[in-house]
Structures are given as C-alpha cells and as structure tokens.
Amino acid sequence: MSNRPLHDVFYFRSIAIVGASKDITKRGFRSIQKLQEDGFTGKIYPVNPKETEILGLQCYKSIDDIPGEFDLALVCTPAKTLPSVIEQCGRKKAKGVVVLAGGFAEAGPDGAALQAEMVAMAKKHGVRIVGPNTSGIFNTHNHCNVVGFSDLRAGNIGLLSQSGNMALSLVTEGQANGDIGFSTYVGIGNESDIRFDEYIDYFADDENTSVLVGYVEGVKNGTAFVNALRRMTRKKAVVLYKSGRTSAGVSSAKSHTGALAGNYAVSQGVLRQAGVVLAAKSDEILPLAEALSLLPPLKTRRVAILADGGGHGTIAADALTERGMVLAKLADTTRQRLSTILPAAANTSNPVDVAGGTDNNPAVFADCARILLEDPSVDGLLITGLYGGYGVRFSPSLTPIEMKASADIAEMRNQYGKPVLVHSLYGCLGAGARPEPLVAVRKAGIPVYASLEMAVRCLQAAAEFQEVRNRPDVPGAPSGAVKRIQSFADTIARCRAQNRTVVLEHEARAALADAGVPMSAQTILAKTADEAVQAFHTLGAVPVAMKIVSKDVIHKSDAGGVKLNLASPREVEAAYAQIITNSKKAVQGADITGVLVTPMAPKGGVEVIIGVVRDPTYGQVMMFGLGGVLVEVLKDVVFRALPLTRNDAAEMLEEIHSSKVLDGVRGNPPVDKAALVDVMMGVSSLCAAFPEIQELDLNPVMAYATGAGILDARILLAPAA
C-alpha cells in the first residue's frame, strides 16, 4: 500500500461524492449538505450521471470527468461498482476512498472475492481504503463530516468504532454533556486495507487529538494492534470498551490455562498491559475520556477529599479505597491551617468535612482547596457535595461568591499542577440547567460529575495512565541466565518424529531449567519398578511423589496416575505398579514412558498456576492465578501477552482478586514474589523462543517465603504443519 500518511486522508482538501443524490434521505445528499453546513473550504465534486447540479454544485457524469485531481472519494454506490470506482480514483491520484457499501467479506465467499479485487485495485494505484461497510468519517478540525451527524462540536477526543450506532451514541452523549468535543471519527468497517493499528498511529500523531476513545469488537492482527496501543499510550491516553465478554473461550483446550482463556479475559489483560484504560460500562467511556483530556498528571494515588457533608465524604473515601487509591495523610500544619478557617465541628483529617463552614460563604471552599493542594502529601483533590449550587440551595446572593471560588480553584489547578475534580449533586442537571459556578469551573478545565463513583473512577484512570507512562517498556530477561534454550529444539524434533504433540514432563522440566526457570527439586524418570526404587535411594530416601509419564494421560490425578508421601522402597515399588495399572485402565492403549520420581514438596506455601496459551488474536499469552484443583472453579486469573516485562509479571501478581493471599494471611509469611517473577520470565523466554508451544501449564507452582517449586509441568505443541 501507499506510504502516504493517513493525515492526508483525514485532512483532505478536495473530495468526490460518488453516487451523489438529490434525495435528502441518501448519504450522497446528506454528506454534501453537511460539508457545506460545516464550512468545508475545499473542493466538492458530486458524481452522478443523471444530474447536472446538486446543492448548487456542478455534478459530473463520471469520476474521469472531474477536472484535475482530488484527495478523497466518498463512495455511495453498490459494492459491485467498487473495483471500477477505485481504478478511476487511482487515475485521479486520490489518497483515500471511504466505502460505505456492505456486501463484501462479511457477506460470504462471493463478497470476499469482490473485496479482494477491490483491495488489489487499490494497491495497484496507491489508494487507501476506509471500510468497506463503514459508517464513514469526520474531522471537525478540517470542517468535514461525511457521516451525517448533526451539530458536531470540535474538540480533542478521537473516536474509533466498529459500530456506527455506538459512535452515534457517544456523539449524542457528548452533545448532551455540553462541553465534550471530538477531533476525528473513523468507522472501522471491514478493515479491508487500513488496519486498526494504522488508525491508532494516526491518532497518536494527530495534533488535534489528546485522547482516543475506541469501541472494539474484534481485531484482525492482535499483535500489531497491541504494539500500536503501546506506542500511543506512551504519550496519549486511550480509553477502550471491549465487547464480547461472554465468549465461551477455547472449548477444546487440554490445559487449565487453555480452558480459562476466554476471549474477554485475555483481551482485558493484554489491553491493560498495552496501557489502555478499559471502560467496564458503556456510560464510563466519555467521562473517562473527558477526565483524561483535562487533568494534569496524577503523580501518585494519594488523594484528598473536600466535602460539605459527612455522607459524601464517607462514600468518596470508600469508593477511592475500593479503587486502589490512597487517602493522603495530611500534615499537621495542613490540619492546623484548616482548623483556623473552619468551625469547631469540622473534620480536618482526610476526608475533610467543612461541617457547614461554607453555608454562608462558599469562598471557604477555595481557601480549603488551596491549603490541601499545598500539602506535599496530596497529589489530587476531589471536591464533593453541593458545590456550585449554594446559590440554589441557600441564596442567589452566594452565586457570585461561588463564581469567584470556581475561578480561584481553576487557577490553583494550573498553579500546583495537580488534578482537581468536582462532584456536585447539581451536576445531574442538563447542560443548559446547571448552576453558573459549575458551568464556569468546567469551562475552566475542571471536570464536573453527577456521580461520585464516576468521579472516583476517573481519578483512578488518571492514576493508571500516569503509571503506564512511568513504567519500563523493555522485556526483561529472567534472573537466571538463559543457557541451552535451543536444546528444546531437539525435543521438538523428537516429538515430531514420534508423532506426538505432548512434551513429556521430564522433557518439559529440562526445557524450563535451560530457559532460566528456577527448578528447586531433582526429578528422575523410572521405566521400571526397580528403577523407581533406585531413584528413591538416589534422592536421599526421603518421602517422594510419583506420577505417570505418558503422552496419552494428560490429567494424571484423574487417571489415578499420582501417588504421594511414599517413604519406603516397598511403598515405591507398589506405587509404581498401581500407577501403571490405573493409567492403562483410565486410558485404553495408553503409550506409557515411565513414572517420574521426585521428593515431596516442602509443606506450606501457596499454590499458584502459571500457564501460556496461544490466543487466536494476540498470540502467546501468559496466565497467572491461584492454582490447584479448583483453579477452573475459582477462575481468579489474569493474562498478559508475551514477551513479558518484569513489570508485567509483577502487575499480574497484584491484579488477581486474591492477591492478599500472596502477602501472607493467618500468620503465614508473604511469598517470595521475586521468585515467581523469575519463573514467569523464564517461561516467557522459552515460549517466545518457540512459537511451536501451543499450551504450557505449571500447576501447581508452590510459592514459598523463599523460592518457588514447580510440582507439575505440562507443554503441548501445536500440530505439525
């Protein structure tokens, strides 16, 4: 495809409307009308062989009849016309074509063939295609709107959507808000030519976009998509809503990891890894984007609350804590300064409750805000209660005082460079009905929310975005050196020669050790009962565990292929015979290699699972969570794409719901998180080096106060090509 930047497509200076119409219900009419209404200053060329004039513009019978060249074409004609249309656009040196029609790859094999023909023609002429099956594009800063949305407000929020109705919903919500404006919108459509990642790169470089909002159903190239997001979130915030949460996942998976790798669970982890702020609900999308477009960096999660009522202060404190934010501990001097301007009943610890101290003088809000923002321990401020509505609640004479307070608070935000958000119970009033002080404070760049929970979520998002910008982005090596990692290539070759996809456990353990994964216990493969007894003595005559080694017996415990706490040669000999018998009974015709003998793991510790699965969108992804036999019931797991950074691995440990278990509960010591990170980094190195690995399962891994032990290791290869 052409190397022209997409900037030339979205900042076009001339446009042909192919399939222009006088029918006011048609896009070929509406697009011309909106271009004129919005003040587009470039050339507009309507194309329709049956018309001579549309909306005062000369109409051309064909694209070839247009004098000179043009930048963009909006094509409103049926799918079957597109190869010819694009060929004509190519002769006119068009940089891009927006294809509205459906009936391409989404419609079946015939449509896919037509789409391929269209794309081939575009490649030949260096024309970029938006769509097909797209709702269109707009760029408010270029005064062009070929979607047909009404009353667009220019702003700095970019919009990228795989649903035209979702885009309309967000635009309508922005209009109701009264302050939110958009820069460029793109309806993704079939992604036949321009890919999702290319659009993201466009928004990352667009001088008129500071935050990108995206509605995502699915992507064709997950790796390129994630890499583009990584590039963008280093400098600009991205808010995504990912649909498809109820996917059943990979039903044919043979490992715990595979069984738990549902589409949304994987996407959630990978997108967070890329630095995206994920909207959990559709009504969060625009508030999050608005906040991130307005707020200065939130350096830490330490926040102060300024309330004019105990109820709102308590709710805010609870919500902030639940969201992982920190109530800043106010300095003694801060509390003393607050006590000099507030009544005796006021609470000067965090949350600060003015206790009626602002009822007859809302300027006190500004005085308190300044004191709090000057405290070095406070990096963000949340004002909550009836702020902005004192003139409504008490007396109109208070409104001018609040107006001055709003101006002062806005100036403080600039002066101290700390985020300030306002929650007001009067914020629920529509854009035209809000009290003047709330309108003023928002115009000054401070977001105002009707929902206290939403205000807190936005503060959390500001913290997330700043943490993304601060974290390292280079994959780190495991602390143990990667030694003979290529020796696993010999194992893969042996598996292929034996027509098996199961890597036997002793082979998997050797590969993990070579990749730098700390392997705490020696294991010995015994092919006879006598070899099992000899292994018992070699290991020091300590209690041992024994388990079947077979390419056909995947779930060893279920097959009766595991025996524990064997403390004598007689017990070992009997266990060997029982394991072989049980396994052959459980899996008829099983090919049995032998039995693995290993010392029993030390008591104590926490069972976790570390696994890798190949996701159809994002490639190899790692899973971490609490392990053991209940992992598929608890489903307390998180995902990240490979390769990992050490920061990625550390985040995974903290992100599971039961993370406090790792910190020690009921007198148990905290686990060695650094050792778990070492295991994860070694696994990442192995899997990244060998894309043939389809699934990898370490379950359980015992996390101890010092070190970690891998009790079971399983690797499955993708079928040979």
# chains A, B, ... in the order shown; residues from 1 in each chain; ligands from 1

$ closest_atom_pairs --of "region 457-566 of chain A" --to "region 602-626 of chain A" --cutoff "12 Å" --atoms "only C-alpha atoms" --output "JSON lines"
{"residue": "A:Val517", "atom": "CA", "partner": "A:Ile610", "partner_atom": "CA", "distance": 11.9}
{"residue": "A:Ser520", "atom": "CA", "partner": "A:Pro602", "partner_atom": "CA", "distance": 10.6}
{"residue": "A:Ala521", "atom": "CA", "partner": "A:Pro602", "partner_atom": "CA", "distance": 10.2}
{"residue": "A:Val542", "atom": "CA", "partner": "A:Pro602", "partner_atom": "CA", "distance": 11.4}
{"residue": "A:Pro543", "atom": "CA", "partner": "A:Pro602", "partner_atom": "CA", "distance": 10.5}
{"residue": "A:Val544", "atom": "CA", "partner": "A:Pro602", "partner_atom": "CA", "distance": 11.0}
{"residue": "A:Ala545", "atom": "CA", "partner": "A:Pro602", "partner_atom": "CA", "distance": 11.7}
{"residue": "A:Asn565", "atom": "CA", "partner": "A:Pro602", "partner_atom": "CA", "distance": 11.3}

$ write_last_selection --atoms "N, CA, C and O atoms" --output "PDB file, in the first residue's frame"
ATOM      1  N   VAL A 517      14.339 -20.973  34.310  1.00  0.00           N
ATOM      2  CA  VAL A 517      13.321 -21.126  35.349  1.00  0.00           C
ATOM      3  C   VAL A 517      13.953 -21.854  36.528  1.00  0.00           C
ATOM      4  O   VAL A 517      14.504 -22.954  36.359  1.00  0.00           O
ATOM      5  N   SER A 520      13.493 -26.227  41.701  1.00  0.00           N
ATOM      6  CA  SER A 520      14.012 -26.465  43.049  1.00  0.00           C
ATOM      7  C   SER A 520      14.281 -27.934  43.343  1.00  0.00           C
ATOM      8  O   SER A 520      15.131 -28.262  44.165  1.00  0.00           O
ATOM      9  N   ALA A 521      13.563 -28.859  42.685  1.00  0.00           N
ATOM     10  CA  ALA A 521      13.685 -30.262  43.059  1.00  0.00           C
ATOM     11  C   ALA A 521      14.212 -31.104  41.904  1.00  0.00           C
ATOM     12  O   ALA A 521      13.856 -30.886  40.746  1.00  0.00           O
ATOM     13  N   VAL A 542      14.115 -39.891  51.018  1.00  0.00           N
ATOM     14  CA  VAL A 542      13.120 -39.012  51.629  1.00  0.00           C
ATOM     15  C   VAL A 542      11.756 -39.334  51.027  1.00  0.00           C
ATOM     16  O   VAL A 542      11.668 -39.967  49.968  1.00  0.00           O
ATOM     17  N   PRO A 543      10.652 -38.958  51.680  1.00  0.00           N
ATOM     18  CA  PRO A 543       9.336 -39.213  51.073  1.00  0.00           C
ATOM     19  C   PRO A 543       9.265 -38.611  49.674  1.00  0.00           C
ATOM     20  O   PRO A 543       9.706 -37.480  49.441  1.00  0.00           O
ATOM     21  N   VAL A 544       8.737 -39.387  48.755  1.00  0.00           N
ATOM     22  CA  VAL A 544       8.705 -38.952  47.366  1.00  0.00           C
ATOM     23  C   VAL A 544       7.283 -38.960  46.832  1.00  0.00           C
ATOM     24  O   VAL A 544       6.377 -39.589  47.397  1.00  0.00           O
ATOM     25  N   ALA A 545       7.120 -38.259  45.715  1.00  0.00           N
ATOM     26  CA  ALA A 545       5.896 -38.312  44.926  1.00  0.00           C
ATOM     27  C   ALA A 545       6.223 -39.015  43.624  1.00  0.00           C
ATOM     28  O   ALA A 545       7.338 -38.894  43.096  1.00  0.00           O
ATOM     29  N   ASN A 565       3.731 -39.081  49.202  1.00  0.00           N
ATOM     30  CA  ASN A 565       4.236 -39.431  50.536  1.00  0.00           C
ATOM     31  C   ASN A 565       4.666 -40.893  50.631  1.00  0.00           C
ATOM     32  O   ASN A 565       4.300 -41.627  51.559  1.00  0.00           O
TER      33      ASN A 565
END

$ select_by_dssp --residues "region 500-612 of chain A" --states "alpha helix (DSSP H)" --output "NGL selection string"
:A and (505-514 or 529-538 or 569-586)

$ residues_around --residues "region 139-156 of chain A" --least-positions-apart "2" --cutoff "7 Å" --atoms "only C-alpha atoms" --output "ChimeraX atom specification"
/A:10-11,30-31,34-35,38-40,135-137,158,180-185,208-211

$ residues_around --residues "region 584-595 of chain A" --least-positions-apart "6" --cutoff "6 Å" --atoms "only C-alpha atoms" --output "ChimeraX atom specification"
/A:525-527,547-550,552,559

$ write_last_selection --atoms "all heavy atoms" --output "PDB file, in the first residue's frame"
ATOM      1  N   LEU A 525      13.295 -40.024  35.962  1.00  0.00           N
ATOM      2  CA  LEU A 525      12.356 -40.847  35.210  1.00  0.00           C
ATOM      3  C   LEU A 525      12.701 -42.314  35.433  1.00  0.00           C
ATOM      4  O   LEU A 525      13.830 -42.748  35.175  1.00  0.00           O
ATOM      5  CB  LEU A 525      12.436 -40.510  33.721  1.00  0.00           C
ATOM      6  CG  LEU A 525      11.572 -41.386  32.804  1.00  0.00           C
ATOM      7  CD1 LEU A 525      10.087 -41.166  33.079  1.00  0.00           C
ATOM      8  CD2 LEU A 525      11.895 -41.099  31.337  1.00  0.00           C
ATOM      9  N   ALA A 526      11.727 -43.094  35.921  1.00  0.00           N
ATOM     10  CA  ALA A 526      11.900 -44.533  36.139  1.00  0.00           C
ATOM     11  C   ALA A 526      11.029 -45.295  35.154  1.00  0.00           C
ATOM     12  O   ALA A 526       9.828 -45.049  35.064  1.00  0.00           O
ATOM     13  CB  ALA A 526      11.523 -44.898  37.570  1.00  0.00           C
ATOM     14  N   LYS A 527      11.634 -46.241  34.430  1.00  0.00           N
ATOM     15  CA  LYS A 527      10.884 -47.015  33.440  1.00  0.00           C
ATOM     16  C   LYS A 527      10.515 -48.406  33.948  1.00  0.00           C
ATOM     17  O   LYS A 527       9.800 -49.143  33.273  1.00  0.00           O
ATOM     18  CB  LYS A 527      11.686 -47.126  32.153  1.00  0.00           C
ATOM     19  CG  LYS A 527      11.913 -45.770  31.483  1.00  0.00           C
ATOM     20  CD  LYS A 527      12.605 -45.914  30.135  1.00  0.00           C
ATOM     21  CE  LYS A 527      12.763 -44.550  29.464  1.00  0.00           C
ATOM     22  NZ  LYS A 527      13.405 -44.657  28.127  1.00  0.00           N
ATOM     23  N   LYS A 547       4.486 -39.976  39.634  1.00  0.00           N
ATOM     24  CA  LYS A 547       3.382 -39.699  38.717  1.00  0.00           C
ATOM     25  C   LYS A 547       3.695 -40.234  37.335  1.00  0.00           C
ATOM     26  O   LYS A 547       4.861 -40.323  36.923  1.00  0.00           O
ATOM     27  CB  LYS A 547       3.064 -38.208  38.673  1.00  0.00           C
ATOM     28  CG  LYS A 547       4.235 -37.288  38.459  1.00  0.00           C
ATOM     29  CD  LYS A 547       3.796 -35.838  38.649  1.00  0.00           C
ATOM     30  CE  LYS A 547       4.995 -34.919  38.708  1.00  0.00           C
ATOM     31  NZ  LYS A 547       4.606 -33.508  38.849  1.00  0.00           N
ATOM     32  N   ILE A 548       2.637 -40.583  36.635  1.00  0.00           N
ATOM     33  CA  ILE A 548       2.751 -41.202  35.330  1.00  0.00           C
ATOM     34  C   ILE A 548       3.365 -40.242  34.311  1.00  0.00           C
ATOM     35  O   ILE A 548       3.137 -39.020  34.365  1.00  0.00           O
ATOM     36  CB  ILE A 548       1.359 -41.682  34.837  1.00  0.00           C
ATOM     37  CG1 ILE A 548       1.480 -42.581  33.609  1.00  0.00           C
ATOM     38  CG2 ILE A 548       0.449 -40.504  34.546  1.00  0.00           C
ATOM     39  CD1 ILE A 548       2.108 -43.914  33.914  1.00  0.00           C
ATOM     40  N   VAL A 549       4.150 -40.786  33.402  1.00  0.00           N
ATOM     41  CA  VAL A 549       4.683 -40.033  32.270  1.00  0.00           C
ATOM     42  C   VAL A 549       4.167 -40.710  31.008  1.00  0.00           C
ATOM     43  O   VAL A 549       4.581 -41.832  30.678  1.00  0.00           O
ATOM     44  CB  VAL A 549       6.222 -40.002  32.273  1.00  0.00           C
ATOM     45  CG1 VAL A 549       6.738 -39.255  31.045  1.00  0.00           C
ATOM     46  CG2 VAL A 549       6.740 -39.351  33.547  1.00  0.00           C
ATOM     47  N   SER A 550       3.229 -40.041  30.335  1.00  0.00           N
ATOM     48  CA  SER A 550       2.611 -40.611  29.140  1.00  0.00           C
ATOM     49  C   SER A 550       2.066 -39.497  28.273  1.00  0.00           C
ATOM     50  O   SER A 550       1.452 -38.550  28.779  1.00  0.00           O
ATOM     51  CB  SER A 550       1.469 -41.562  29.531  1.00  0.00           C
ATOM     52  OG  SER A 550       0.698 -41.926  28.393  1.00  0.00           O
ATOM     53  N   ASP A 552      -0.383 -39.826  26.453  1.00  0.00           N
ATOM     54  CA  ASP A 552      -1.827 -40.020  26.350  1.00  0.00           C
ATOM     55  C   ASP A 552      -2.574 -39.706  27.636  1.00  0.00           C
ATOM     56  O   ASP A 552      -3.785 -39.504  27.615  1.00  0.00           O
ATOM     57  CB  ASP A 552      -2.132 -41.477  25.944  1.00  0.00           C
ATOM     58  CG  ASP A 552      -1.516 -41.829  24.595  1.00  0.00           C
ATOM     59  OD1 ASP A 552      -1.660 -41.012  23.662  1.00  0.00           O
ATOM     60  OD2 ASP A 552      -0.903 -42.898  24.490  1.00  0.00           O
ATOM     61  N   ALA A 559      -6.635 -39.880  36.435  1.00  0.00           N
ATOM     62  CA  ALA A 559      -6.392 -41.245  35.958  1.00  0.00           C
ATOM     63  C   ALA A 559      -5.806 -42.150  37.036  1.00  0.00           C
ATOM     64  O   ALA A 559      -5.516 -43.326  36.772  1.00  0.00           O
ATOM     65  CB  ALA A 559      -5.444 -41.203  34.761  1.00  0.00           C
TER      66      ALA A 559
END

$ residues_around --residues "Ser557 (chain A)" --least-positions-apart "5" --cutoff "12 Å" --atoms "only C-alpha atoms" --output "VMD selection string"
chain A and resid 546 to 549 562 to 564 579 582 to 583 586 628 to 629 712

$ residues_around --residues "Met121 (chain A)" --least-positions-apart "2" --cutoff "8 Å" --atoms "only C-alpha atoms" --output "number ranges by chain"
A: 83, 86-87, 117-119, 123-125

$ closest_residue --among "A:Ala317, A:Ala574, A:Ala508, A:Ile15" --to "Thr523 (chain A)" --atoms "only C-alpha atoms"
A:Ala508

$ closest_residue --among "A:Ser397, A:Glu402, A:Ala369, A:His7" --to "Phe203 (chain A)" --atoms "only C-alpha atoms"
A:His7

$ residues_around --residues "Glu651 (chain A)" --least-positions-apart "4" --cutoff "10 Å" --atoms "only C-alpha atoms" --output "list in words"
Gln273, Val638, Arg640, Thr645, Arg646, Asn647, Glu655, Ile656 and Val677 of chain A

$ write_last_selection --atoms "all heavy atoms" --output "mmCIF file, in the first residue's frame"
data_model
loop_
_atom_site.group_PDB
_atom_site.id
_atom_site.type_symbol
_atom_site.label_atom_id
_atom_site.label_comp_id
_atom_site.auth_asym_id
_atom_site.auth_seq_id
_atom_site.Cartn_x
_atom_site.Cartn_y
_atom_site.Cartn_z
ATOM 1 N N GLN A 273 -2.099 -4.345 29.710
ATOM 2 C CA GLN A 273 -0.654 -4.416 29.513
ATOM 3 C C GLN A 273 -0.189 -3.364 28.509
ATOM 4 O O GLN A 273 0.892 -2.782 28.649
ATOM 5 C CB GLN A 273 -0.297 -5.824 29.029
ATOM 6 C CG GLN A 273 1.163 -6.063 28.727
ATOM 7 C CD GLN A 273 1.368 -7.440 28.127
ATOM 8 O OE1 GLN A 273 0.428 -8.097 27.687
ATOM 9 N NE2 GLN A 273 2.609 -7.900 28.103
ATOM 10 N N VAL A 638 -5.369 -13.831 35.631
ATOM 11 C CA VAL A 638 -5.149 -12.673 34.763
ATOM 12 C C VAL A 638 -4.210 -13.072 33.637
ATOM 13 O O VAL A 638 -3.483 -14.072 33.742
ATOM 14 C CB VAL A 638 -4.580 -11.472 35.545
ATOM 15 C CG1 VAL A 638 -5.589 -10.958 36.562
ATOM 16 C CG2 VAL A 638 -3.267 -11.851 36.245
ATOM 17 N N ARG A 640 -1.473 -11.750 30.258
ATOM 18 C CA ARG A 640 -0.638 -10.772 29.583
ATOM 19 C C ARG A 640 -0.051 -11.422 28.319
ATOM 20 O O ARG A 640 0.188 -12.627 28.286
ATOM 21 C CB ARG A 640 0.521 -10.279 30.470
ATOM 22 C CG ARG A 640 0.102 -9.482 31.691
ATOM 23 C CD ARG A 640 -0.487 -8.145 31.326
ATOM 24 N NE ARG A 640 -0.714 -7.295 32.484
ATOM 25 C CZ ARG A 640 -1.834 -7.261 33.199
ATOM 26 N NH1 ARG A 640 -2.835 -8.075 32.879
ATOM 27 N NH2 ARG A 640 -1.967 -6.443 34.219
ATOM 28 N N THR A 645 7.503 -8.092 30.332
ATOM 29 C CA THR A 645 8.498 -7.333 31.078
ATOM 30 C C THR A 645 8.379 -7.771 32.535
ATOM 31 O O THR A 645 7.373 -8.349 32.952
ATOM 32 C CB THR A 645 8.268 -5.824 30.984
ATOM 33 O OG1 THR A 645 7.034 -5.504 31.661
ATOM 34 C CG2 THR A 645 8.174 -5.364 29.540
ATOM 35 N N ARG A 646 9.386 -7.505 33.314
ATOM 36 C CA ARG A 646 9.291 -7.830 34.743
ATOM 37 C C ARG A 646 8.158 -7.033 35.387
ATOM 38 O O ARG A 646 7.504 -7.505 36.322
ATOM 39 C CB ARG A 646 10.625 -7.561 35.446
ATOM 40 C CG ARG A 646 11.759 -8.465 34.978
ATOM 41 C CD ARG A 646 12.984 -8.344 35.869
ATOM 42 N NE ARG A 646 12.760 -8.917 37.190
ATOM 43 C CZ ARG A 646 12.902 -10.207 37.482
ATOM 44 N NH1 ARG A 646 13.232 -11.078 36.541
ATOM 45 N NH2 ARG A 646 12.697 -10.633 38.715
ATOM 46 N N ASN A 647 7.939 -5.835 34.878
ATOM 47 C CA ASN A 647 6.830 -5.035 35.395
ATOM 48 C C ASN A 647 5.494 -5.714 35.104
ATOM 49 O O ASN A 647 4.588 -5.735 35.937
ATOM 50 C CB ASN A 647 6.863 -3.639 34.772
ATOM 51 C CG ASN A 647 5.828 -2.708 35.368
ATOM 52 O OD1 ASN A 647 6.023 -2.186 36.456
ATOM 53 N ND2 ASN A 647 4.719 -2.517 34.678
ATOM 54 N N GLU A 655 -2.774 -8.174 40.506
ATOM 55 C CA GLU A 655 -4.061 -7.940 39.855
ATOM 56 C C GLU A 655 -5.114 -8.994 40.168
ATOM 57 O O GLU A 655 -6.305 -8.742 40.030
ATOM 58 C CB GLU A 655 -3.858 -7.859 38.340
ATOM 59 C CG GLU A 655 -4.997 -7.185 37.605
ATOM 60 C CD GLU A 655 -4.662 -6.937 36.150
ATOM 61 O OE1 GLU A 655 -3.699 -6.200 35.894
ATOM 62 O OE2 GLU A 655 -5.355 -7.484 35.278
ATOM 63 N N ILE A 656 -4.711 -10.203 40.576
ATOM 64 C CA ILE A 656 -5.715 -11.208 40.900
ATOM 65 C C ILE A 656 -6.503 -10.753 42.130
ATOM 66 O O ILE A 656 -5.996 -10.029 42.983
ATOM 67 C CB ILE A 656 -5.089 -12.595 41.135
ATOM 68 C CG1 ILE A 656 -4.107 -12.570 42.309
ATOM 69 C CG2 ILE A 656 -4.442 -13.123 39.876
ATOM 70 C CD1 ILE A 656 -3.624 -13.953 42.720
ATOM 71 N N VAL A 677 8.239 -14.080 39.833
ATOM 72 C CA VAL A 677 8.546 -13.284 38.635
ATOM 73 C C VAL A 677 9.638 -13.964 37.821
ATOM 74 O O VAL A 677 9.585 -14.006 36.584
ATOM 75 C CB VAL A 677 8.938 -11.847 39.027
ATOM 76 C CG1 VAL A 677 9.505 -11.099 37.823
ATOM 77 C CG2 VAL A 677 7.731 -11.098 39.590
#
